[in-house]
file start-v5.csv (CSV, C-alpha atoms)
chain,number,residue,atom,x,y,z
A,1,MET,CA,85.8,84.6,197.4
A,2,SER,CA,83.8,83.8,200.5
A,3,VAL,CA,80.3,82.4,200.8
A,4,GLU,CA,78.0,81.3,203.6
A,5,VAL,CA,76.8,77.7,203.4
A,6,ARG,CA,73.8,76.5,205.4
A,7,VAL,CA,74.2,73.0,206.6
A,8,PRO,CA,71.2,70.7,207.5
A,9,THR,CA,71.0,69.0,210.8
A,10,ILE,CA,72.1,65.6,209.5
A,11,LEU,CA,75.5,67.0,208.4
A,12,ARG,CA,76.2,69.1,211.5
A,13,SER,CA,78.0,66.2,213.1
A,14,LEU,CA,80.7,67.1,210.6
A,15,THR,CA,80.7,70.8,211.3
A,16,GLY,CA,80.9,70.6,215.1
A,17,GLY,CA,77.2,71.6,215.3
A,18,GLU,CA,77.6,74.7,213.2
A,19,LYS,CA,74.5,75.6,211.2
A,20,VAL,CA,76.2,78.1,208.9
A,21,VAL,CA,79.8,77.8,207.8
A,22,THR,CA,82.0,79.8,205.5
A,23,ALA,CA,83.7,78.4,202.4
A,24,SER,CA,85.3,79.6,199.3
A,25,GLY,CA,85.6,78.7,195.6
A,26,GLY,CA,84.7,80.0,192.2
A,27,THR,CA,82.4,77.0,191.4
A,28,LEU,CA,80.1,74.8,193.5
A,29,ALA,CA,82.6,72.0,193.0
A,30,ALA,CA,85.4,74.1,194.4
A,31,VAL,CA,83.2,75.1,197.3
A,32,VAL,CA,82.4,71.5,198.1
A,33,ALA,CA,86.1,70.6,197.9
A,34,ASP,CA,86.9,73.5,200.2
A,35,LEU,CA,84.1,72.3,202.6
A,36,ASP,CA,85.6,68.8,202.5
A,37,GLY,CA,89.0,70.2,203.4
A,38,SER,CA,87.6,72.0,206.5
A,39,TYR,CA,85.1,69.3,207.4
A,40,PRO,CA,86.5,65.9,206.3
A,41,GLY,CA,83.8,63.6,205.0
A,42,MET,CA,81.5,66.3,203.8
A,43,GLY,CA,82.3,65.7,200.1
A,44,ALA,CA,81.4,62.0,200.3
A,45,ARG,CA,78.1,62.9,202.0
A,46,LEU,CA,77.1,65.3,199.2
A,47,LEU,CA,78.6,63.6,196.1
A,48,ASP,CA,78.9,60.2,194.6
A,49,ASP,CA,80.5,59.1,191.4
A,50,SER,CA,77.8,60.5,189.3
A,51,GLY,CA,77.8,63.9,191.0
A,52,LEU,CA,75.3,65.3,193.5
A,53,ARG,CA,73.6,62.5,195.5
A,54,ARG,CA,70.0,61.8,194.7
A,55,PHE,CA,68.6,62.9,198.0
A,56,VAL,CA,70.8,66.0,198.4
A,57,ASN,CA,69.6,69.3,197.1
A,58,ILE,CA,71.9,72.3,196.9
A,59,TYR,CA,70.6,75.8,196.3
A,60,VAL,CA,72.6,78.9,195.3
A,61,ASN,CA,70.7,82.0,196.2
A,62,ASP,CA,67.6,79.8,196.6
A,63,GLU,CA,67.8,78.3,193.1
A,64,ASP,CA,68.3,74.5,192.8
A,65,VAL,CA,71.7,74.0,191.2
A,66,ARG,CA,70.5,71.1,189.1
A,67,PHE,CA,68.7,73.7,187.0
A,68,LEU,CA,71.8,76.0,186.9
A,69,ALA,CA,75.1,74.4,185.9
A,70,GLY,CA,75.2,71.7,188.6
A,71,LEU,CA,78.6,71.4,190.2
A,72,GLN,CA,80.0,73.8,187.6
A,73,THR,CA,77.6,76.6,188.8
A,74,GLN,CA,79.6,79.8,189.2
A,75,ILE,CA,79.8,81.1,192.7
A,76,ALA,CA,80.2,84.8,193.4
A,77,ASP,CA,81.2,86.6,196.6
A,78,GLN,CA,78.3,86.9,199.0
A,79,ASP,CA,76.3,84.2,197.3
A,80,SER,CA,74.4,82.1,199.8
A,81,ILE,CA,74.4,78.3,199.5
A,82,THR,CA,71.9,76.0,201.2
A,83,ILE,CA,72.2,72.3,201.5
A,84,LEU,CA,69.0,70.3,202.2
A,85,PRO,CA,67.9,66.7,202.1
A,86,ALA,CA,65.1,66.0,199.6
A,87,VAL,CA,61.7,65.7,201.4
A,88,ALA,CA,58.2,65.0,200.4
A,89,GLY,CA,55.3,67.5,200.2
A,90,GLY,CA,51.6,67.1,199.4
B,1,MET,CA,27.5,77.5,185.5
B,2,ARG,CA,25.5,74.3,186.0
B,3,PHE,CA,26.8,70.8,186.8
B,4,ASN,CA,25.0,67.5,187.5
B,5,SER,CA,26.9,67.0,190.8
B,6,LEU,CA,29.5,68.5,192.9
B,7,LEU,CA,32.2,66.2,191.5
B,8,ASP,CA,31.3,67.3,188.0
B,9,SER,CA,32.2,70.8,189.0
B,10,VAL,CA,35.9,70.0,189.9
B,11,GLY,CA,38.3,72.3,187.9
B,12,HIS,CA,37.1,75.1,185.6
B,13,THR,CA,38.7,77.6,187.9
B,14,PRO,CA,39.0,81.3,187.2
B,15,LEU,CA,42.3,82.9,186.1
B,16,VAL,CA,42.5,86.4,187.4
B,17,GLY,CA,44.9,89.1,186.6
B,18,LEU,CA,46.9,90.9,189.3
B,19,PRO,CA,46.9,94.5,188.2
B,20,ASN,CA,48.6,95.8,191.4
B,21,LEU,CA,51.3,93.2,191.8
B,22,SER,CA,52.2,93.0,188.1
B,23,PRO,CA,55.3,95.1,187.5
B,24,SER,CA,54.2,96.6,184.2
B,25,SER,CA,51.6,96.3,181.4
B,26,ASP,CA,54.1,94.1,179.5
B,27,VAL,CA,54.9,91.8,182.4
B,28,ARG,CA,51.7,90.5,183.9
B,29,LEU,CA,50.9,88.0,186.7
B,30,TRP,CA,47.8,85.8,186.5
B,31,ALA,CA,46.5,83.7,189.5
B,32,LYS,CA,44.6,80.5,188.9
B,33,LEU,CA,42.2,80.2,191.8
B,34,GLU,CA,42.3,76.6,192.7
B,35,ASP,CA,40.7,77.3,196.1
B,36,ARG,CA,37.4,77.4,194.1
B,37,ASN,CA,37.4,73.6,193.9
B,38,PRO,CA,34.8,71.7,196.0
B,39,THR,CA,37.0,71.0,199.0
B,40,GLY,CA,38.9,74.3,198.6
B,41,SER,CA,42.2,73.1,197.0
B,42,ILE,CA,43.8,72.1,193.8
B,43,LYS,CA,44.0,68.5,195.1
B,44,ASP,CA,40.4,67.8,194.1
B,45,ARG,CA,41.6,67.4,190.5
B,46,ALA,CA,44.3,64.8,191.2
B,47,VAL,CA,42.3,62.9,193.8
B,48,LEU,CA,39.2,62.6,191.6
B,49,ALA,CA,41.3,61.4,188.7
B,50,MET,CA,43.1,58.8,190.9
B,51,VAL,CA,39.8,57.5,192.3
B,52,ASP,CA,38.2,57.3,188.9
B,53,GLN,CA,41.3,55.5,187.5
B,54,ALA,CA,41.4,53.0,190.4
B,55,GLU,CA,37.7,52.3,189.9
B,56,LYS,CA,38.2,51.8,186.2
B,57,ASP,CA,41.2,49.4,186.8
B,58,GLY,CA,39.1,47.4,189.3
B,59,ARG,CA,41.5,48.2,192.2
B,60,LEU,CA,38.7,50.0,194.1
B,61,THR,CA,35.6,48.0,194.8
B,62,PRO,CA,32.5,49.0,196.7
B,63,GLY,CA,33.1,49.4,200.5
B,64,ALA,CA,36.9,49.4,200.1
B,65,THR,CA,39.2,51.2,202.6
B,66,LEU,CA,41.5,53.8,201.2
B,67,LEU,CA,44.9,54.6,202.7
B,68,GLU,CA,46.9,57.8,201.9
B,69,PRO,CA,49.9,59.6,203.4
B,70,THR,CA,49.0,63.3,203.2
B,71,SER,CA,49.9,66.6,204.8
B,72,GLY,CA,46.3,67.7,204.4
B,73,ASN,CA,44.7,68.8,201.2
B,74,THR,CA,44.9,65.5,199.4
B,75,GLY,CA,43.4,63.8,202.5
B,76,ILE,CA,40.6,66.3,202.7
B,77,ALA,CA,39.7,65.9,199.0
B,78,LEU,CA,39.9,62.2,199.3
B,79,ALA,CA,37.7,62.2,202.4
B,80,MET,CA,34.9,64.1,200.6
B,81,ILE,CA,35.1,61.9,197.5
B,82,ALA,CA,35.4,58.7,199.6
B,83,LYS,CA,32.2,59.7,201.5
B,84,LEU,CA,30.3,60.2,198.3
B,85,ARG,CA,31.5,57.0,196.6
B,86,GLY,CA,31.1,54.8,199.7
B,87,TYR,CA,34.7,54.1,200.7
B,88,LYS,CA,36.3,54.3,204.1
B,89,LEU,CA,39.5,56.3,204.4
B,90,VAL,CA,42.6,56.1,206.6
B,91,CYS,CA,44.9,59.2,206.4
B,92,VAL,CA,48.5,59.2,207.7
B,93,MET,CA,49.2,62.8,208.5
B,94,PRO,CA,52.2,64.4,210.2
B,95,LYS,CA,51.4,65.8,213.6
B,96,ASN,CA,52.8,69.2,212.7
B,97,THR,CA,49.8,70.3,210.5
B,98,SER,CA,47.2,72.9,211.3
B,99,ALA,CA,44.2,72.0,213.5
B,100,GLU,CA,41.7,72.8,210.7
B,101,ARG,CA,43.0,69.9,208.7
B,102,THR,CA,42.2,67.4,211.4
B,103,GLN,CA,38.7,69.1,211.8
B,104,LEU,CA,37.9,68.8,208.1
B,105,LEU,CA,39.1,65.2,207.9
B,106,GLU,CA,37.0,64.2,210.9
B,107,MET,CA,34.0,66.0,209.5
B,108,TRP,CA,34.1,63.7,206.5
B,109,GLU,CA,34.7,60.7,208.9
B,110,ALA,CA,38.2,59.9,207.8
B,111,ARG,CA,40.3,58.0,210.3
B,112,ILE,CA,43.6,59.9,211.0
B,113,MET,CA,46.8,58.2,212.1
B,114,TYR,CA,49.4,60.7,213.0
B,115,SER,CA,53.0,60.3,212.0
B,116,ASP,CA,55.9,61.9,213.9
B,117,ALA,CA,56.5,65.6,213.2
B,118,VAL,CA,60.2,65.0,212.8
B,119,GLY,CA,60.8,64.1,209.1
B,120,GLY,CA,57.5,65.7,208.0
B,121,SER,CA,55.8,64.0,205.0
B,122,ASN,CA,58.7,61.6,204.5
B,123,GLU,CA,57.7,60.0,207.8
B,124,ALA,CA,54.0,59.9,206.8
B,125,VAL,CA,55.0,58.1,203.6
B,126,ARG,CA,57.1,55.7,205.5
B,127,VAL,CA,54.3,54.9,208.0
B,128,ALA,CA,51.7,54.6,205.2
B,129,LYS,CA,53.9,52.0,203.4
B,130,VAL,CA,54.2,50.0,206.6
B,131,LEU,CA,50.4,50.1,207.1
B,132,ALA,CA,49.8,49.1,203.4
B,133,ALA,CA,52.0,46.1,203.8
B,134,GLU,CA,50.2,45.1,207.0
B,135,ASN,CA,46.7,45.6,205.5
B,136,PRO,CA,46.9,44.2,202.0
B,137,ASP,CA,43.2,44.7,201.4
B,138,TRP,CA,43.5,48.5,201.9
B,139,VAL,CA,44.0,50.5,198.7
B,140,MET,CA,46.7,53.1,198.7
B,141,LEU,CA,46.3,55.4,195.7
B,142,TYR,CA,49.7,56.9,196.6
B,143,GLN,CA,49.7,60.4,195.2
B,144,TYR,CA,53.5,60.5,194.9
B,145,GLY,CA,53.7,57.6,192.5
B,146,ASN,CA,50.3,57.6,190.8
B,147,ALA,CA,50.4,58.7,187.2
B,148,ALA,CA,46.8,59.8,187.3
B,149,ASN,CA,47.9,62.6,189.7
B,150,ALA,CA,49.9,64.3,186.9
B,151,GLN,CA,47.5,63.2,184.2
B,152,ALA,CA,44.7,65.1,185.9
B,153,HIS,CA,46.7,68.3,185.3
B,154,TYR,CA,47.7,67.3,181.8
B,155,ASP,CA,44.0,66.8,181.0
B,156,THR,CA,42.4,69.8,182.8
B,157,THR,CA,44.7,72.4,184.4
B,158,GLY,CA,47.0,72.7,181.4
B,159,PRO,CA,44.3,73.1,178.7
B,160,GLU,CA,42.3,75.5,181.0
B,161,LEU,CA,45.4,77.7,181.3
B,162,ILE,CA,46.1,77.9,177.5
B,163,ALA,CA,42.4,78.5,176.7
B,164,ASP,CA,42.4,81.4,179.1
B,165,LEU,CA,45.9,82.7,178.5
B,166,PRO,CA,47.1,81.8,175.0
B,167,THR,CA,50.1,84.2,175.5
B,168,LEU,CA,51.4,82.3,178.6
B,169,THR,CA,55.2,82.5,178.9
B,170,HIS,CA,55.7,81.1,182.4
B,171,PHE,CA,53.9,78.7,184.7
B,172,VAL,CA,54.8,78.7,188.4
B,173,ALA,CA,53.4,76.1,190.9
B,174,GLY,CA,54.3,74.5,194.2
B,175,LEU,CA,56.4,71.4,194.3
B,176,GLY,CA,55.0,68.7,196.7
B,177,THR,CA,54.0,65.5,195.0
B,178,THR,CA,55.1,67.3,191.8
B,179,GLY,CA,51.8,66.3,190.1
B,180,THR,CA,50.7,69.8,189.1
B,181,LEU,CA,54.1,70.7,187.6
B,182,MET,CA,54.5,67.4,185.8
B,183,GLY,CA,51.1,67.4,184.3
B,184,VAL,CA,50.8,71.0,183.3
B,185,GLY,CA,54.5,71.0,182.4
B,186,ARG,CA,54.1,68.1,179.9
B,187,TYR,CA,51.0,69.8,178.4
B,188,LEU,CA,52.9,73.1,178.0
B,189,ARG,CA,55.9,71.4,176.5
B,190,GLU,CA,53.6,70.1,173.7
B,191,HIS,CA,51.5,73.2,173.2
B,192,ARG,CA,53.8,76.1,174.3
B,193,PRO,CA,57.3,74.7,173.9
B,194,ALA,CA,58.9,78.0,174.7
B,195,ALA,CA,57.1,78.4,178.1
B,196,ARG,CA,59.2,78.2,181.2
B,197,ILE,CA,58.0,75.7,183.9
B,198,VAL,CA,59.0,76.9,187.3
B,199,ALA,CA,58.8,75.1,190.6
B,200,ALA,CA,58.5,76.8,194.0
B,201,GLU,CA,59.5,74.5,196.8
B,202,PRO,CA,58.6,75.3,200.4
B,203,ARG,CA,61.6,75.4,202.7
B,204,TYR,CA,60.3,74.4,206.1
B,205,GLY,CA,61.8,74.7,209.6
B,206,GLU,CA,64.6,72.4,210.6
B,207,LEU,CA,62.3,69.8,212.3
B,208,VAL,CA,60.9,68.7,208.9
B,209,TYR,CA,64.4,68.0,207.6
B,210,GLY,CA,65.3,66.0,210.8
B,211,LEU,CA,66.1,62.8,209.0
B,212,ARG,CA,68.5,60.3,210.5
B,213,ASN,CA,70.5,60.1,207.4
B,214,LEU,CA,70.5,61.3,203.8
B,215,ASP,CA,69.3,57.9,202.5
B,216,GLU,CA,65.9,58.7,204.2
B,217,GLY,CA,65.4,61.5,201.7
B,218,PHE,CA,62.5,61.3,199.3
B,219,VAL,CA,61.9,62.1,195.7
B,220,PRO,CA,58.4,61.4,194.4
B,221,GLU,CA,58.3,58.6,191.8
B,222,ILE,CA,56.3,60.7,189.4
B,223,TYR,CA,59.0,63.5,189.4
B,224,ASP,CA,60.8,64.0,186.1
B,225,GLU,CA,63.4,66.7,186.4
B,226,SER,CA,63.5,67.3,182.7
B,227,ILE,CA,60.0,68.8,182.7
B,228,LEU,CA,61.1,71.8,184.8
B,229,SER,CA,63.0,74.9,183.7
B,230,SER,CA,64.0,76.0,187.2
B,231,ARG,CA,63.3,75.3,190.8
B,232,PHE,CA,63.4,77.7,193.7
B,233,SER,CA,63.4,77.1,197.5
B,234,VAL,CA,61.2,79.6,199.4
B,235,GLY,CA,61.3,80.0,203.2
B,236,ALA,CA,58.4,80.7,205.5
B,237,ARG,CA,59.3,84.4,205.9
B,238,ASP,CA,59.0,85.1,202.2
B,239,ALA,CA,55.9,82.9,201.9
B,240,ILE,CA,54.2,84.8,204.7
B,241,ARG,CA,55.2,88.2,203.3
B,242,ARG,CA,53.8,87.4,199.9
B,243,THR,CA,50.7,85.9,201.2
B,244,ARG,CA,50.0,89.1,203.0
B,245,GLU,CA,50.8,91.2,199.9
B,246,LEU,CA,48.3,89.1,198.0
B,247,ILE,CA,45.6,90.0,200.5
B,248,GLU,CA,46.5,93.7,200.8
B,249,LEU,CA,47.1,94.5,197.1
B,250,GLU,CA,44.8,92.1,195.3
B,251,GLY,CA,42.2,91.0,197.8
B,252,ILE,CA,43.1,87.3,197.5
B,253,PHE,CA,43.1,85.3,200.8
B,254,ALA,CA,45.4,82.3,200.1
B,255,GLY,CA,47.3,79.7,202.1
B,256,PHE,CA,51.1,80.1,202.6
B,257,SER,CA,52.1,77.7,199.8
B,258,THR,CA,50.6,80.2,197.4
B,259,GLY,CA,52.8,82.9,199.0
B,260,ALA,CA,55.8,80.8,198.3
B,261,ILE,CA,54.7,80.4,194.6
B,262,LEU,CA,54.0,84.1,194.3
B,263,HIS,CA,57.5,84.9,195.6
B,264,ALA,CA,59.0,82.8,192.8
B,265,ALA,CA,56.6,84.4,190.3
B,266,LEU,CA,57.5,87.9,191.3
B,267,GLY,CA,61.2,87.1,191.0
B,268,ILE,CA,60.6,86.0,187.4
B,269,ALA,CA,58.5,89.0,186.7
B,270,GLU,CA,61.2,91.4,188.0
B,271,LYS,CA,63.8,89.6,185.9
B,272,ALA,CA,61.7,89.9,182.7
B,273,LYS,CA,61.1,93.6,183.4
B,274,ARG,CA,64.8,94.3,183.8
B,275,ALA,CA,65.5,92.4,180.6
B,276,GLY,CA,62.9,94.5,178.8
B,277,GLU,CA,60.9,91.3,177.9
B,278,SER,CA,57.2,90.9,178.0
B,279,ALA,CA,55.8,88.0,180.0
B,280,ASP,CA,52.5,86.5,181.0
B,281,ILE,CA,53.2,84.5,184.1
B,282,ALA,CA,50.5,82.2,185.4
B,283,PHE,CA,50.7,80.8,188.9
B,284,ILE,CA,48.6,78.5,191.1
B,285,VAL,CA,46.7,79.6,194.1
B,286,CYS,CA,46.7,76.2,195.8
B,287,ASP,CA,44.1,76.9,198.5
B,288,GLY,CA,42.5,79.6,200.6
B,289,GLY,CA,43.8,80.8,203.9
B,290,TRP,CA,41.0,79.4,206.0
B,291,LYS,CA,42.7,76.2,207.0
B,292,TYR,CA,45.7,78.1,208.4
B,293,LEU,CA,44.0,80.8,210.5
B,294,SER,CA,44.7,78.9,213.7
B,295,THR,CA,48.5,79.3,213.1
B,296,GLY,CA,48.2,83.0,213.8
B,297,ALA,CA,50.5,83.8,211.0
B,298,TYR,CA,48.1,86.2,209.2
B,299,GLU,CA,48.5,88.7,212.0
B,300,GLY,CA,51.3,90.4,214.0
B,301,SER,CA,54.9,91.0,213.0
B,302,LEU,CA,56.7,88.9,210.3
B,303,ASP,CA,59.0,87.6,213.1
B,304,ASP,CA,56.1,86.3,215.1
B,305,ALA,CA,54.4,84.8,212.1
B,306,GLU,CA,57.6,83.1,211.0
B,307,MET,CA,58.0,81.7,214.5
B,308,ALA,CA,54.4,80.5,214.5
B,309,LEU,CA,55.1,78.4,211.3
B,310,ASP,CA,58.5,77.1,212.4
B,311,GLY,CA,58.3,73.3,212.5
B,312,GLN,CA,54.9,73.3,210.8
B,313,LEU,CA,54.1,71.8,207.4
B,314,TRP,CA,52.7,75.1,206.1
B,315,ALA,CA,52.4,74.2,202.5

call {"tool": "encode", "arguments": {"input": "start-v5.csv", "output": "C-alpha cells"}}
result
Amino acid sequence: MSVEVRVPTILRSLTGGEKVVTASGGTLAAVVADLDGSYPGMGARLLDDSGLRRFVNIYVNDEDVRFLAGLQTQIADQDSITILPAVAGG
Amino acid sequence: MRFNSLLDSVGHTPLVGLPNLSPSSDVRLWAKLEDRNPTGSIKDRAVLAMVDQAEKDGRLTPGATLLEPTSGNTGIALAMIAKLRGYKLVCVMPKNTSAERTQLLEMWEARIMYSDAVGGSNEAVRVAKVLAAENPDWVMLYQYGNAANAQAHYDTTGPELIADLPTLTHFVAGLGTTGTLMGVGRYLREHRPAARIVAAEPRYGELVYGLRNLDEGFVPEIYDESILSSRFSVGARDAIRRTRELIELEGIFAGFSTGAILHAALGIAEKAKRAGESADIAFIVCDGGWKYLSTGAYEGSLDDAEMALDGQLWA
C-alpha cells in the first residue's frame, strides 16, 4: 500500500528537501510510523503524547483527519496525504 | 426594502438557488449572497457586531484608534464603520494581498501597516499583537478571539438561513477566523441538529506556510472543533475552476474563497446524489470578484491563473 505524502516547507529539512515523499501503511498512524522510519524525527514533529500536535493539520484526500478517524483513519492505495501547519485566515 | 441608515441594512442577504450547478431536483445548492452587504463582504456582519459590543462594554470611546490584523475584508468593513462612527483605524495586512484591498482601505482613510508575506495572516496577527502591546490606548477588536464575531452569525446569518430554507441539510462556509462556521454552526446545532456543518479551508501557496517552526502555527481562539462535521482543504486551482463555473453557469461573480466553498459543496452534493439522498446545501458567497480582478486569475488558462494566485492570500 503506497501513498504520496506532501510535506510542508518546515519539515523538508527532514526529507532532504523533498516536497512529496512516498510512504505506506493501512492507517494514518502506520503511515506516520513509516515516515518516521524513513525520515527520523518526523514522528515527533507531527505527534505528541495526546496524538496529532495542535498546530499540525493532516488531510487525507483533502479531508481533515480530525473529522475522519484521526490517526486511525484508514488509508487506501493511491490516497493522497497532505501535511500543513495551521494558519490564520480572515 | 427601507432602512434608516446603511449600517441598519447589514445582513438580510438573498439566498438564491443554483439550478444549473445542482446535480438533481432532490439535491439542491443554495448560495447566500454576502457580497450584497454594504462593503461587499460577509465581514460587515461580524465587524458591526464587534464594534457595537465594544461600545456597549465601554472599550471603545469617541475618537479612539482601532487596530486589527486582517487580510482584507474585515479591514475594509471596519474602515467604513470606523469612518461613520468617528474612530481611526490601523490595519495590519500581509503584503501578499490584492491591490484593490489597499485602495479600498485608503479610500476610507485607514492606515495600513504591511506585514511580511511569508507566514501570511499568522504574521499579521503577530505584528498586530506587538503593536497592541506598544500602544495600550489602541483598541484591538481581534476578530480571531472576539466572541461577538461568531455571535453575529448566530444572531443573523443562522436565523436568515433557516427562515429562507427550512429544509436545510448542509451548511458550507469558508474557514478563516472561523466566526461564520462557529456562529451559524451553533445556531443550526440548536435548530437543525441533523444538519452537517462543513468547513472549506483555502490551501494557499507555500509562501503562506513558510513558518520557521510548527509552534508558530495558529488556531483562532474562537474555534471549537466540536461544532464542525467535516473540514476540507481546497487549493487555488479548484477554487479558480469553481469560481469560473459559478460565473458561467449561474451568473454569479464571486471571489476565489467562494470558489473553494463551492468546491466542497459540490463534493457533498455528488456524494448525496450517489447515496440516493435528498439534500438542501446552503453555502456562503463571501464576496464579489471585484477586489481580485487585478490578480488576472479570472482570465486565461487555469495554469496561468493558478500561477497568478501562488503566494497570494486569495481568500

call {"tool": "atom_distance", "arguments": {"input": "start-v5.csv", "atom1": "CA of Met80 in chain B", "atom2": "CA of Asn122 in chain B"}}
result
24.2 Å

call {"tool": "closest_atom_pairs", "arguments": {"input": "start-v5.csv", "of": "range 52-89 of chain A", "to": "range 26-42 of chain A", "cutoff": "8 Å", "atoms": "only C-alpha atoms", "output": "Markdown table"}}
result
| residue | atom | partner | partner_atom | distance |
| --- | --- | --- | --- | --- |
| A:Gly70 | CA | A:Leu28 | CA | 7.6 |
| A:Leu71 | CA | A:Ala29 | CA | 4.9 |
| A:Gln72 | CA | A:Thr27 | CA | 5.5 |
| A:Thr73 | CA | A:Thr27 | CA | 5.5 |
| A:Gln74 | CA | A:Thr27 | CA | 4.5 |
| A:Ile75 | CA | A:Thr27 | CA | 5.0 |
| A:Ala76 | CA | A:Gly26 | CA | 6.7 |

call {"tool": "closest_residue", "arguments": {"input": "start-v5.csv", "among": "A:Arg53, A:Tyr59, A:Ser24, A:Val3", "to": "Thr82 in chain A", "atoms": "only C-alpha atoms"}}
result
A:Tyr59

call {"tool": "residues_around", "arguments": {"input": "start-v5.csv", "residues": "Leu52 in chain A", "least_positions_apart": "2", "cutoff": "10 Å", "atoms": "only C-alpha atoms", "output": "MDAnalysis selection string"}}
result
chainID A and resid 29 43:50 54:58 65:66 70:71

call {"tool": "closest_atom_pairs", "arguments": {"input": "start-v5.csv", "of": "chain A", "to": "chain B", "cutoff": "7 Å", "atoms": "only C-alpha atoms", "output": "Markdown table"}}
result
| residue | atom | partner | partner_atom | distance |
| --- | --- | --- | --- | --- |
| A:Thr9 | CA | B:Gly210 | CA | 6.4 |
| A:Ile10 | CA | B:Asn213 | CA | 6.1 |
| A:Phe55 | CA | B:Gly217 | CA | 5.1 |
| A:Asp62 | CA | B:Ser233 | CA | 5.1 |
| A:Glu63 | CA | B:Phe232 | CA | 4.5 |
| A:Asp64 | CA | B:Arg231 | CA | 5.4 |
| A:Phe67 | CA | B:Ser230 | CA | 5.2 |
| A:Pro85 | CA | B:Gly217 | CA | 5.8 |
| A:Ala86 | CA | B:Gly217 | CA | 5.0 |
| A:Val87 | CA | B:Phe218 | CA | 4.9 |
| A:Ala88 | CA | B:Ser121 | CA | 5.3 |
| A:Gly89 | CA | B:Gly176 | CA | 3.7 |
| A:Gly90 | CA | B:Gly176 | CA | 4.6 |

call {"tool": "build_atoms", "arguments": {"input": "start-v5.csv", "residues": "range 32-47 of chain A", "atoms": "N, CA and C atoms", "output": "JSON list (two decimals), keeping the file's coordinate frame"}}
result
[["chain", "number", "residue", "atom", "x", "y", "z"],
["A", 32, "VAL", "N", 82.52, 72.78, 197.42],
["A", 32, "VAL", "CA", 82.40, 71.50, 198.10],
["A", 32, "VAL", "C", 83.74, 70.91, 198.47],
["A", 33, "ALA", "N", 84.72, 71.07, 197.57],
["A", 33, "ALA", "CA", 86.10, 70.60, 197.90],
["A", 33, "ALA", "C", 86.65, 71.35, 199.08],
["A", 34, "ASP", "N", 86.40, 72.65, 199.12],
["A", 34, "ASP", "CA", 86.90, 73.50, 200.20],
["A", 34, "ASP", "C", 86.19, 73.02, 201.55],
["A", 35, "LEU", "N", 84.87, 72.75, 201.47],
["A", 35, "LEU", "CA", 84.10, 72.30, 202.60],
["A", 35, "LEU", "C", 84.72, 70.94, 203.12],
["A", 36, "ASP", "N", 85.05, 70.07, 202.16],
["A", 36, "ASP", "CA", 85.60, 68.80, 202.50],
["A", 36, "ASP", "C", 86.94, 68.89, 203.19],
["A", 37, "GLY", "N", 87.69, 69.93, 202.79],
["A", 37, "GLY", "CA", 89.00, 70.20, 203.40],
["A", 37, "GLY", "C", 88.79, 70.62, 204.90],
["A", 38, "SER", "N", 87.80, 71.50, 205.11],
["A", 38, "SER", "CA", 87.60, 72.00, 206.50],
["A", 38, "SER", "C", 86.82, 71.01, 207.33],
["A", 39, "TYR", "N", 85.95, 70.23, 206.70],
["A", 39, "TYR", "CA", 85.10, 69.30, 207.40],
["A", 39, "TYR", "C", 85.19, 67.93, 206.74],
["A", 40, "PRO", "N", 86.25, 67.18, 207.01],
["A", 40, "PRO", "CA", 86.50, 65.90, 206.30],
["A", 40, "PRO", "C", 85.29, 65.00, 206.30],
["A", 41, "GLY", "N", 84.96, 64.49, 205.14],
["A", 41, "GLY", "CA", 83.80, 63.60, 205.00],
["A", 41, "GLY", "C", 82.63, 64.26, 204.36],
["A", 42, "MET", "N", 82.63, 65.60, 204.36],
["A", 42, "MET", "CA", 81.50, 66.30, 203.80],
["A", 42, "MET", "C", 81.31, 66.01, 202.30],
["A", 43, "GLY", "N", 82.42, 65.94, 201.58],
["A", 43, "GLY", "CA", 82.30, 65.70, 200.10],
["A", 43, "GLY", "C", 81.61, 64.39, 199.83],
["A", 44, "ALA", "N", 81.96, 63.34, 200.58],
["A", 44, "ALA", "CA", 81.40, 62.00, 200.30],
["A", 44, "ALA", "C", 79.89, 61.99, 200.68],
["A", 45, "ARG", "N", 79.49, 62.85, 201.63],
["A", 45, "ARG", "CA", 78.10, 62.90, 202.00],
["A", 45, "ARG", "C", 77.24, 63.57, 200.93],
["A", 46, "LEU", "N", 77.86, 64.49, 200.20],
["A", 46, "LEU", "CA", 77.10, 65.30, 199.20],
["A", 46, "LEU", "C", 77.19, 64.69, 197.81],
["A", 47, "LEU", "N", 78.33, 64.08, 197.51],
["A", 47, "LEU", "CA", 78.60, 63.60, 196.10],
["A", 47, "LEU", "C", 78.79, 62.13, 196.07]]
